[in-house]
$ cat model.txt   # compact mmCIF, C-alpha atoms and all ligand atoms
# COMPACT_ATOMS: atom_id res chain seq x y z
CA MET A 1 117.11 -0.86 -27.35
CA LYS A 2 115.67 -3.38 -29.79
CA PHE A 3 112.20 -4.84 -29.32
CA THR A 4 109.98 -7.22 -31.24
CA VAL A 5 106.20 -6.94 -31.32
CA ALA A 6 103.97 -9.72 -32.65
CA VAL A 7 101.25 -8.18 -34.81
CA LEU A 8 98.00 -10.11 -35.10
CA ALA A 9 95.86 -7.93 -37.34
CA GLY A 10 92.96 -10.39 -37.60
CA ASP A 11 89.74 -9.65 -39.43
CA GLY A 12 87.50 -6.86 -40.69
CA VAL A 13 88.94 -3.43 -39.92
CA GLY A 14 91.75 -5.06 -37.90
CA PRO A 15 94.39 -4.87 -40.66
CA GLU A 16 93.55 -1.22 -41.47
CA VAL A 17 93.71 0.11 -37.92
CA VAL A 18 96.81 -1.95 -37.12
CA GLU A 19 98.66 -0.64 -40.17
CA ALA A 20 97.86 2.94 -39.16
CA ALA A 21 98.98 2.29 -35.58
CA ILE A 22 102.26 0.70 -36.68
CA ARG A 23 103.09 3.79 -38.72
CA VAL A 24 102.67 5.93 -35.61
CA GLY A 25 104.50 3.45 -33.37
CA SER A 26 107.44 3.18 -35.78
CA ARG A 27 107.81 6.93 -36.01
CA ALA A 28 107.65 7.31 -32.22
CA ALA A 29 110.31 4.61 -31.82
CA GLU A 30 112.51 6.35 -34.37
CA LEU A 31 112.21 9.66 -32.49
CA GLY A 32 113.20 7.89 -29.27
CA ASN A 33 116.06 5.90 -30.84
CA ALA A 34 114.34 2.62 -30.06
CA ALA A 35 114.17 -0.11 -32.67
CA VAL A 36 110.87 -1.95 -32.86
CA GLU A 37 110.40 -4.84 -35.22
CA TRP A 38 106.76 -5.65 -36.01
CA ILE A 39 106.28 -9.30 -36.98
CA PRO A 40 102.93 -10.41 -38.44
CA GLY A 41 101.06 -13.52 -37.34
CA ALA A 42 97.62 -15.00 -38.01
CA ILE A 43 94.63 -15.03 -35.66
CA GLY A 44 90.83 -15.29 -35.85
CA GLY A 45 88.97 -15.82 -39.11
CA ALA A 46 92.09 -15.05 -41.15
CA ALA A 47 93.88 -17.88 -39.33
CA ILE A 48 90.97 -20.24 -39.88
CA GLU A 49 91.42 -19.55 -43.61
CA SER A 50 95.20 -19.91 -43.65
CA ASP A 51 95.74 -22.61 -41.03
CA GLY A 52 92.33 -24.07 -40.22
CA ASP A 53 92.81 -22.88 -36.64
CA PRO A 54 91.93 -19.46 -35.11
CA LEU A 55 95.13 -19.60 -33.03
CA PRO A 56 97.78 -21.64 -34.86
CA GLU A 57 100.84 -22.92 -33.01
CA SER A 58 103.01 -20.70 -35.24
CA THR A 59 101.24 -17.63 -33.82
CA LEU A 60 101.71 -18.81 -30.25
CA SER A 61 105.43 -19.35 -30.77
CA LEU A 62 105.77 -15.96 -32.48
CA CYS A 63 104.14 -14.35 -29.42
CA ARG A 64 106.29 -16.34 -26.98
CA GLY A 65 109.39 -14.89 -28.62
CA ALA A 66 108.09 -11.31 -28.72
CA ASP A 67 108.22 -8.52 -26.14
CA ALA A 68 104.51 -7.79 -26.61
CA VAL A 69 101.52 -8.49 -28.87
CA LEU A 70 99.49 -5.96 -30.86
CA LEU A 71 96.09 -7.21 -31.99
CA GLY A 72 93.49 -5.73 -34.35
CA ALA A 73 90.12 -7.48 -34.15
CA VAL A 74 88.62 -10.89 -34.83
CA GLY A 75 85.35 -12.15 -36.25
CA GLY A 76 83.03 -11.53 -39.17
CA PRO A 77 79.89 -12.75 -40.93
CA ARG A 78 81.86 -15.32 -42.88
CA TRP A 79 82.57 -17.28 -39.70
CA SER A 80 79.50 -16.41 -37.66
CA ASP A 81 77.53 -19.65 -38.17
CA PRO A 82 76.57 -20.44 -34.58
CA ASN A 83 76.92 -24.15 -35.30
CA ALA A 84 80.47 -23.92 -36.60
CA ALA A 85 83.00 -25.95 -34.62
CA VAL A 86 85.70 -23.31 -34.87
CA ARG A 87 85.04 -19.60 -34.43
CA PRO A 88 87.40 -16.60 -34.75
CA GLU A 89 86.62 -15.49 -31.17
CA GLN A 90 88.13 -18.73 -29.87
CA GLY A 91 91.50 -17.47 -31.07
CA LEU A 92 91.24 -14.39 -28.89
CA LEU A 93 89.97 -16.28 -25.84
CA ARG A 94 92.70 -18.90 -26.22
CA ILE A 95 95.54 -16.42 -26.55
CA ARG A 96 94.34 -14.59 -23.42
CA LYS A 97 94.32 -17.89 -21.55
CA ALA A 98 97.60 -19.17 -23.04
CA PHE A 99 99.50 -16.15 -21.69
CA ASP A 100 97.41 -15.88 -18.50
CA LEU A 101 96.45 -12.30 -19.38
CA PHE A 102 94.11 -11.93 -16.43
CA ALA A 103 94.19 -8.15 -16.02
CA ASN A 104 92.49 -6.21 -18.78
CA LEU A 105 93.02 -2.46 -18.40
CA ARG A 106 90.53 -0.32 -20.28
CA PRO A 107 91.11 3.38 -19.65
CA VAL A 108 88.17 5.62 -20.54
CA LYS A 109 89.29 9.17 -20.87
CA ILE A 110 87.56 12.01 -22.55
CA PHE A 111 89.54 14.13 -24.97
CA PRO A 112 88.22 17.69 -24.46
CA ALA A 113 87.85 18.25 -28.22
CA LEU A 114 85.33 15.41 -28.39
CA ALA A 115 83.15 16.46 -25.43
CA PRO A 116 80.79 18.61 -27.53
CA GLN A 117 79.89 15.74 -29.82
CA ALA A 118 79.51 12.96 -27.30
CA PRO A 119 75.89 11.89 -26.97
CA LEU A 120 75.96 13.00 -23.31
CA ARG A 121 75.93 16.58 -22.05
CA PRO A 122 79.46 18.07 -22.22
CA GLU A 123 79.34 19.40 -18.64
CA LEU A 124 78.84 15.82 -17.46
CA LEU A 125 81.99 14.70 -19.23
CA GLU A 126 84.55 17.24 -18.18
CA GLY A 127 87.45 15.54 -16.43
CA VAL A 128 86.14 11.99 -16.87
CA ASP A 129 89.00 9.55 -16.31
CA ILE A 130 88.02 5.98 -15.45
CA LEU A 131 90.25 2.91 -15.48
CA PHE A 132 88.32 -0.31 -15.92
CA VAL A 133 90.17 -3.36 -14.64
CA ARG A 134 88.32 -6.31 -16.17
CA GLU A 135 89.14 -9.86 -15.08
CA LEU A 136 89.89 -11.58 -18.39
CA THR A 137 90.72 -15.26 -18.01
CA SER A 138 87.96 -16.64 -15.81
CA GLY A 139 84.31 -16.10 -14.90
CA ILE A 140 81.50 -17.21 -17.17
CA TYR A 141 83.73 -16.92 -20.26
CA PHE A 142 85.79 -19.86 -19.01
CA GLY A 143 83.33 -21.70 -16.76
CA PRO A 144 83.72 -25.48 -16.33
CA ARG A 145 80.50 -26.30 -18.13
CA GLN A 146 79.73 -24.88 -21.57
CA GLU A 147 77.38 -27.15 -23.42
CA GLU A 148 74.03 -27.71 -25.00
CA ASN A 149 72.03 -30.90 -24.79
CA PRO A 150 69.59 -32.38 -27.32
CA ALA A 151 66.67 -31.56 -25.01
CA GLY A 152 67.08 -27.88 -25.86
CA GLU A 153 68.99 -26.72 -22.78
CA ALA A 154 72.36 -24.99 -22.65
CA TRP A 155 74.77 -24.09 -19.85
CA ASP A 156 77.50 -21.66 -19.04
CA THR A 157 78.75 -21.41 -15.50
CA MET A 158 80.15 -18.40 -13.72
CA ARG A 159 83.00 -19.57 -11.55
CA TYR A 160 85.62 -17.57 -9.67
CA SER A 161 88.28 -18.72 -7.24
CA VAL A 162 89.60 -16.62 -4.38
CA GLU A 163 93.07 -16.52 -6.01
CA GLU A 164 91.67 -15.25 -9.30
CA VAL A 165 89.78 -12.43 -7.61
CA GLU A 166 92.72 -11.58 -5.36
CA ARG A 167 95.20 -11.07 -8.15
CA VAL A 168 92.97 -8.83 -10.24
CA ALA A 169 92.01 -6.90 -7.08
CA ARG A 170 95.70 -6.20 -6.42
CA VAL A 171 96.13 -4.84 -9.94
CA ALA A 172 93.18 -2.49 -9.33
CA PHE A 173 94.38 -1.28 -5.92
CA GLU A 174 97.95 -0.78 -7.15
CA ALA A 175 96.65 1.23 -10.12
CA ALA A 176 94.48 3.32 -7.78
CA ARG A 177 97.61 4.27 -5.84
CA THR A 178 98.97 5.96 -8.96
CA ARG A 179 95.65 7.74 -9.52
CA ARG A 180 92.88 9.16 -7.28
CA ARG A 181 93.01 6.32 -4.75
CA HIS A 182 89.49 5.08 -5.15
CA VAL A 183 88.24 1.65 -6.27
CA VAL A 184 84.67 0.68 -7.13
CA SER A 185 84.13 -3.06 -7.34
CA VAL A 186 81.16 -4.04 -9.50
CA ASP A 187 79.37 -7.35 -8.92
CA LYS A 188 75.98 -9.00 -8.56
CA ALA A 189 76.41 -10.22 -5.00
CA ASN A 190 72.68 -9.96 -4.28
CA VAL A 191 72.02 -12.87 -6.65
CA LEU A 192 75.14 -14.84 -7.58
CA ALA A 193 77.28 -16.99 -5.27
CA SER A 194 80.40 -16.41 -7.38
CA MET A 195 79.85 -12.69 -6.92
CA ARG A 196 79.54 -13.01 -3.15
CA LEU A 197 82.96 -14.67 -3.16
CA TRP A 198 84.11 -11.81 -5.41
CA ARG A 199 82.87 -9.13 -2.99
CA ARG A 200 84.28 -10.83 0.12
CA THR A 201 87.66 -11.29 -1.51
CA ILE A 202 87.87 -7.70 -2.77
CA SER A 203 87.06 -6.45 0.75
CA ARG A 204 89.80 -8.61 2.22
CA VAL A 205 92.44 -7.43 -0.28
CA ALA A 206 91.35 -3.84 0.41
CA ARG A 207 92.68 -4.18 3.99
CA ASP A 208 96.19 -4.23 2.50
CA TYR A 209 95.47 -0.84 0.91
CA PRO A 210 94.17 1.36 3.74
CA ASP A 211 95.14 4.43 1.72
CA VAL A 212 92.69 3.50 -1.08
CA GLY A 213 88.93 3.92 -0.72
CA LEU A 214 86.66 1.01 -1.69
CA GLU A 215 83.00 0.96 -2.64
CA HIS A 216 80.95 -2.03 -3.80
CA GLN A 217 78.25 -1.54 -6.39
CA LEU A 218 75.76 -3.84 -8.06
CA VAL A 219 76.21 -4.04 -11.81
CA ASP A 220 72.72 -2.89 -12.79
CA SER A 221 72.89 0.26 -10.72
CA PHE A 222 76.50 0.92 -11.70
CA ALA A 223 75.63 0.65 -15.41
CA MET A 224 73.40 3.67 -14.96
CA GLN A 225 75.66 5.63 -12.62
CA GLN A 226 78.69 5.43 -14.87
CA LEU A 227 76.69 7.43 -17.39
CA THR A 228 74.97 9.83 -15.00
CA ARG A 229 77.96 10.69 -12.75
CA PRO A 230 81.03 9.40 -14.61
CA ARG A 231 83.39 11.90 -12.99
CA ASP A 232 82.96 10.21 -9.62
CA PHE A 233 84.71 7.02 -10.71
CA ASP A 234 88.44 6.36 -10.65
CA VAL A 235 89.30 2.63 -10.82
CA VAL A 236 86.50 0.13 -11.51
CA VAL A 237 87.29 -3.55 -10.98
CA THR A 238 84.89 -6.17 -12.27
CA GLY A 239 84.52 -9.67 -13.67
CA ASN A 240 84.91 -10.83 -17.24
CA LEU A 241 81.34 -10.54 -18.54
CA PHE A 242 80.35 -7.37 -16.68
CA GLY A 243 83.62 -5.73 -17.72
CA ASP A 244 82.94 -6.57 -21.35
CA ILE A 245 79.51 -4.95 -21.29
CA LEU A 246 80.29 -1.98 -19.05
CA SER A 247 83.37 -0.92 -21.01
CA ASP A 248 81.45 -0.82 -24.31
CA ALA A 249 78.75 1.26 -22.62
CA ALA A 250 81.41 3.55 -21.13
CA ALA A 251 82.71 4.19 -24.63
CA VAL A 252 79.74 6.53 -25.00
CA LEU A 253 81.64 8.81 -22.61
CA ALA A 254 84.67 8.93 -24.88
CA GLY A 255 82.54 9.75 -27.92
CA SER A 256 83.05 6.46 -29.78
CA LEU A 257 83.98 2.84 -29.31
CA GLY A 258 86.74 3.54 -31.84
CA MET A 259 88.59 5.72 -29.32
CA LEU A 260 89.30 3.18 -26.61
CA PRO A 261 92.52 1.16 -26.18
CA SER A 262 93.19 -1.78 -23.90
CA ALA A 263 96.06 -3.67 -22.33
CA SER A 264 95.76 -7.30 -21.20
CA LEU A 265 98.55 -8.18 -18.80
CA ASN A 266 99.78 -11.23 -16.93
CA GLY A 267 101.72 -11.36 -13.68
CA ASP A 268 105.11 -11.16 -15.44
CA GLY A 269 104.40 -7.92 -17.26
CA PHE A 270 103.80 -9.59 -20.62
CA GLY A 271 100.94 -7.97 -22.48
CA LEU A 272 98.60 -8.00 -25.43
CA TYR A 273 97.24 -4.68 -26.67
CA GLU A 274 94.11 -4.11 -28.71
CA PRO A 275 91.38 -1.57 -29.30
CA ILE A 276 88.19 -2.53 -27.48
CA HIS A 277 86.10 -2.34 -30.64
CA GLY A 278 85.37 -5.33 -32.85
CA SER A 279 86.07 -6.12 -36.50
CA ALA A 280 83.23 -3.85 -37.80
CA PRO A 281 82.62 -5.92 -40.95
CA ASP A 282 80.09 -3.36 -42.23
CA ILE A 283 82.84 -0.79 -42.85
CA ALA A 284 85.84 -3.09 -43.37
CA GLY A 285 88.14 -2.44 -46.33
CA ARG A 286 86.88 1.10 -46.87
CA LYS A 287 89.35 3.00 -44.69
CA LEU A 288 86.53 4.46 -42.61
CA ALA A 289 87.54 2.96 -39.27
CA ASN A 290 88.90 5.13 -36.48
CA PRO A 291 92.51 4.04 -35.81
CA LEU A 292 92.86 6.02 -32.56
CA GLY A 293 91.88 3.14 -30.26
CA THR A 294 94.67 1.07 -31.81
CA ILE A 295 97.15 3.96 -31.85
CA LEU A 296 96.44 4.52 -28.15
CA SER A 297 96.90 0.76 -27.61
CA VAL A 298 100.40 1.10 -29.07
CA ALA A 299 101.00 3.86 -26.51
CA LEU A 300 99.95 1.46 -23.73
CA LEU A 301 102.22 -1.21 -25.25
CA PHE A 302 105.20 1.14 -25.20
CA ARG A 303 104.45 2.10 -21.59
CA HIS A 304 103.63 -1.26 -20.01
CA SER A 305 105.67 -3.76 -22.02
CA LEU A 306 108.63 -1.84 -23.46
CA GLY A 307 109.21 0.66 -20.66
CA LEU A 308 109.10 3.54 -23.17
CA ASP A 309 106.92 5.82 -21.09
CA ARG A 310 108.12 9.01 -22.73
CA LEU A 311 107.20 7.72 -26.19
CA ALA A 312 103.83 6.51 -24.92
CA THR A 313 103.05 9.99 -23.63
CA ALA A 314 104.25 11.51 -26.91
CA ILE A 315 101.78 9.33 -28.84
CA GLU A 316 98.92 10.24 -26.48
CA ASN A 317 99.73 13.92 -26.81
CA ALA A 318 99.85 13.61 -30.60
CA VAL A 319 96.37 12.05 -30.58
CA GLU A 320 95.10 14.90 -28.45
CA ARG A 321 96.62 17.48 -30.82
CA ALA A 322 95.18 15.69 -33.86
CA LEU A 323 91.71 15.89 -32.30
CA ASP A 324 92.25 19.52 -31.28
CA SER A 325 93.15 20.33 -34.88
CA GLY A 326 89.75 19.00 -35.94
CA ALA A 327 90.69 15.68 -37.57
CA ARG A 328 87.65 13.41 -37.42
CA THR A 329 86.92 9.95 -38.70
CA ARG A 330 83.28 9.27 -39.45
CA ASP A 331 82.42 7.87 -36.02
CA ILE A 332 83.49 11.03 -34.19
CA ALA A 333 82.31 13.62 -36.73
CA ARG A 334 79.28 15.77 -36.05
CA GLY A 335 76.62 16.28 -38.70
CA ASP A 336 78.25 17.30 -41.95
CA GLU A 337 81.72 17.96 -40.52
CA PRO A 338 84.45 16.94 -43.01
CA THR A 339 86.02 13.58 -42.25
CA VAL A 340 89.38 11.89 -42.79
CA THR A 341 90.09 8.26 -43.63
CA THR A 342 91.84 5.78 -41.38
CA ASP A 343 95.16 6.66 -43.03
CA GLY A 344 94.31 10.37 -43.03
CA MET A 345 93.86 10.28 -39.26
CA ALA A 346 97.22 8.50 -38.87
CA ASP A 347 98.81 11.20 -41.05
CA VAL A 348 97.51 13.96 -38.76
CA VAL A 349 98.73 12.09 -35.68
CA LEU A 350 102.16 11.67 -37.32
CA GLU A 351 102.35 15.40 -38.08
CA SER A 352 101.54 16.13 -34.43
CA LEU A 353 104.07 13.67 -33.04
CA HIS A 354 107.17 15.02 -31.37
CA LEU A 355 109.10 14.45 -28.18
C1 LIG A 401 86.26 -7.79 -26.23
C2 LIG A 401 85.47 -8.62 -27.21
C3 LIG A 401 85.72 -10.09 -26.92
C4 LIG A 401 85.22 -10.38 -25.50
C5 LIG A 401 85.10 -11.08 -27.92
C6 LIG A 401 85.46 -10.75 -29.34
C7 LIG A 401 85.47 -12.50 -27.59
O1 LIG A 401 84.13 -8.28 -27.16
O2 LIG A 401 87.50 -7.90 -26.21
O3 LIG A 401 85.68 -7.01 -25.49
O4 LIG A 401 84.02 -10.63 -25.31
O5 LIG A 401 86.04 -10.35 -24.58
MN MN A 402 83.68 -6.57 -25.88

$ encode --input "model.txt" --output "structure tokens"
Amino acid sequence: MKFTVAVLAGDGVGPEVVEAAIRVGSRAAELGNAAVEWIPGAIGGAAIESDGDPLPESTLSLCRGADAVLLGAVGGPRWSDPNAAVRPEQGLLRIRKAFDLFANLRPVKIFPALAPQAPLRPELLEGVDILFVRELTSGIYFGPRQEENPAGEAWDTMRYSVEEVERVARVAFEAARTRRRHVVSVDKANVLASMRLWRRTISRVARDYPDVGLEHQLVDSFAMQQLTRPRDFDVVVTGNLFGDILSDAAAVLAGSLGMLPSASLNGDGFGLYEPIHGSAPDIAGRKLANPLGTILSVALLFRHSLGLDRLATAIENAVERALDSGARTRDIARGDEPTVTTDGMADVVLESLHL
């Protein structure tokens, strides 16, 4: 089988972690006799520099012709002027919208080797395995009114339609059927009208899944509970903004933001894959970034977009073995433990990779 993957490395540590992940992905493909061609394209600040546009048409057409998209990160101090007309983040938001990537899967799993150094007590973390399903193309990120007026007021509006909630709910319930059959829906229905529509719609979809348990939780209380009893959660479905915040907070469970992958999928199975961390401009260019979130994103890409489940599992197992062998980038090292570079971590994963 021959596949093409559009590679949008972006800004900051994006190019470093993407390069490391491609090395692992290429080797996995080779082992499985699959040919994957990785084709670079511009996005974010890098695309503003090269094309004057954070999502140039050439990038969109590259992605349209590809089987999947691998993305690094966007943004940086160079483009962070709040008054600028174009911002790197617009590239990411536009590509999500352009491909209707409404279902953002963010699995939070704890690798046993990292439990002792997570900031939370290890006994709390054993067996943690949460799948966040974040709605990604609507809500307050894409509300109908985003503006500021000269009188010193500004608006964003949180809007959801029944259809938008329904389709992301179905993704969550279907995923729960392959897991522990439990969904927690997180909202703010005690205050926001859009969230009352959210809750009502989730409850209605749940009737089609009598074999899956459903619980509603308010976002403030859930934010605490995901850190105090993380083992109790299986699938968590939530809106765009809450999902953004909660998944960063949940990264504490996994030991580091650098560990977490994500898949953003549309209804046709097309997907974009990226680590959940940002461009980390403070460490960019120094090979200090943890590439595991991106390497695990390539595993998700192989599984969800290329149908190469066996290779995806091989990559995930290789990451686990690399961590078991003690390889640590700076973000997951304890005290004065020796560390490896971005490339060094990829080397250890490559050594541990077999079918
Ligand atoms: C993420 C990021 C993005 C988001 C930013 C960069 C637009 O934080 O993917 O979580 O808020 O969705
Ligand atoms: Mn985020």

$ closest_residue --input "model.txt" --among "A:Val349, A:Met195, A:Leu92, A:Ala113" --to "ligand LIG 401 (chain A)" --atoms "all atoms listed in the file"
A:Leu92

$ closest_residue --input "model.txt" --among "A:Arg159, A:Arg321, A:His354, A:His277" --to "ligand MN 402 (chain A)" --atoms "only C-alpha atoms and all ligand atoms"
A:His277

$ residues_around --input "model.txt" --residues "Val74 (chain A)" --least-positions-apart "5" --cutoff "12 Å" --atoms "only C-alpha atoms" --output "count of residues only"
35

$ residues_near_ligand --input "model.txt" --ligand "ligand MN 402 (chain A)" --cutoff "10 Å" --atoms "all atoms listed in the file" --output "PDB file with C-alpha atoms, keeping the file's coordinate frame"
ATOM      1  CA  ASN A 240      84.910 -10.830 -17.240  1.00  0.00           C
ATOM      2  CA  LEU A 241      81.340 -10.540 -18.540  1.00  0.00           C
ATOM      3  CA  PHE A 242      80.350  -7.370 -16.680  1.00  0.00           C
ATOM      4  CA  GLY A 243      83.620  -5.730 -17.720  1.00  0.00           C
ATOM      5  CA  ASP A 244      82.940  -6.570 -21.350  1.00  0.00           C
ATOM      6  CA  ILE A 245      79.510  -4.950 -21.290  1.00  0.00           C
ATOM      7  CA  LEU A 246      80.290  -1.980 -19.050  1.00  0.00           C
ATOM      8  CA  SER A 247      83.370  -0.920 -21.010  1.00  0.00           C
ATOM      9  CA  ASP A 248      81.450  -0.820 -24.310  1.00  0.00           C
ATOM     10  CA  ALA A 249      78.750   1.260 -22.620  1.00  0.00           C
ATOM     11  CA  PRO A 275      91.380  -1.570 -29.300  1.00  0.00           C
ATOM     12  CA  ILE A 276      88.190  -2.530 -27.480  1.00  0.00           C
ATOM     13  CA  HIS A 277      86.100  -2.340 -30.640  1.00  0.00           C
ATOM     14  CA  GLY A 278      85.370  -5.330 -32.850  1.00  0.00           C
TER      15      GLY A 278
END

$ residues_around --input "model.txt" --residues "region 313-320 of chain A" --least-positions-apart "5" --cutoff "9 Å" --atoms "only C-alpha atoms" --output "list in words"
Val24, Gly25, Ala28, Phe111, Pro112, Ala113, Leu292, Ile295, Leu296, Val298, Ala299, Arg303, Leu308, Ser325, Val348, Val349, Leu350, Glu351, Ser352, Leu353, His354 and Leu355 of chain A

$ write_last_selection --input "model.txt" --atoms "C-alpha atoms" --output "short mmCIF file (atom, residue, chain, number, x, y, z; two decimals), in the coordinates of the input"
data_model
loop_
_atom_site.label_atom_id
_atom_site.label_comp_id
_atom_site.auth_asym_id
_atom_site.auth_seq_id
_atom_site.Cartn_x
_atom_site.Cartn_y
_atom_site.Cartn_z
CA VAL A 24 102.67 5.93 -35.61
CA GLY A 25 104.50 3.45 -33.37
CA ALA A 28 107.65 7.31 -32.22
CA PHE A 111 89.54 14.13 -24.97
CA PRO A 112 88.22 17.69 -24.46
CA ALA A 113 87.85 18.25 -28.22
CA LEU A 292 92.86 6.02 -32.56
CA ILE A 295 97.15 3.96 -31.85
CA LEU A 296 96.44 4.52 -28.15
CA VAL A 298 100.40 1.10 -29.07
CA ALA A 299 101.00 3.86 -26.51
CA ARG A 303 104.45 2.10 -21.59
CA LEU A 308 109.10 3.54 -23.17
CA SER A 325 93.15 20.33 -34.88
CA VAL A 348 97.51 13.96 -38.76
CA VAL A 349 98.73 12.09 -35.68
CA LEU A 350 102.16 11.67 -37.32
CA GLU A 351 102.35 15.40 -38.08
CA SER A 352 101.54 16.13 -34.43
CA LEU A 353 104.07 13.67 -33.04
CA HIS A 354 107.17 15.02 -31.37
CA LEU A 355 109.10 14.45 -28.18
#

$ atom_distance --input "model.txt" --atom1 "CA of Val183 (chain A)" --atom2 "CA of Pro210 (chain A)"
11.6 Å

$ residues_around --input "model.txt" --residues "Arg330 (chain A)" --least-positions-apart "5" --cutoff "8 Å" --atoms "all atoms listed in the file" --output "list in words"
Leu288, Ala289, Asn290, Thr339 and Val340 of chain A
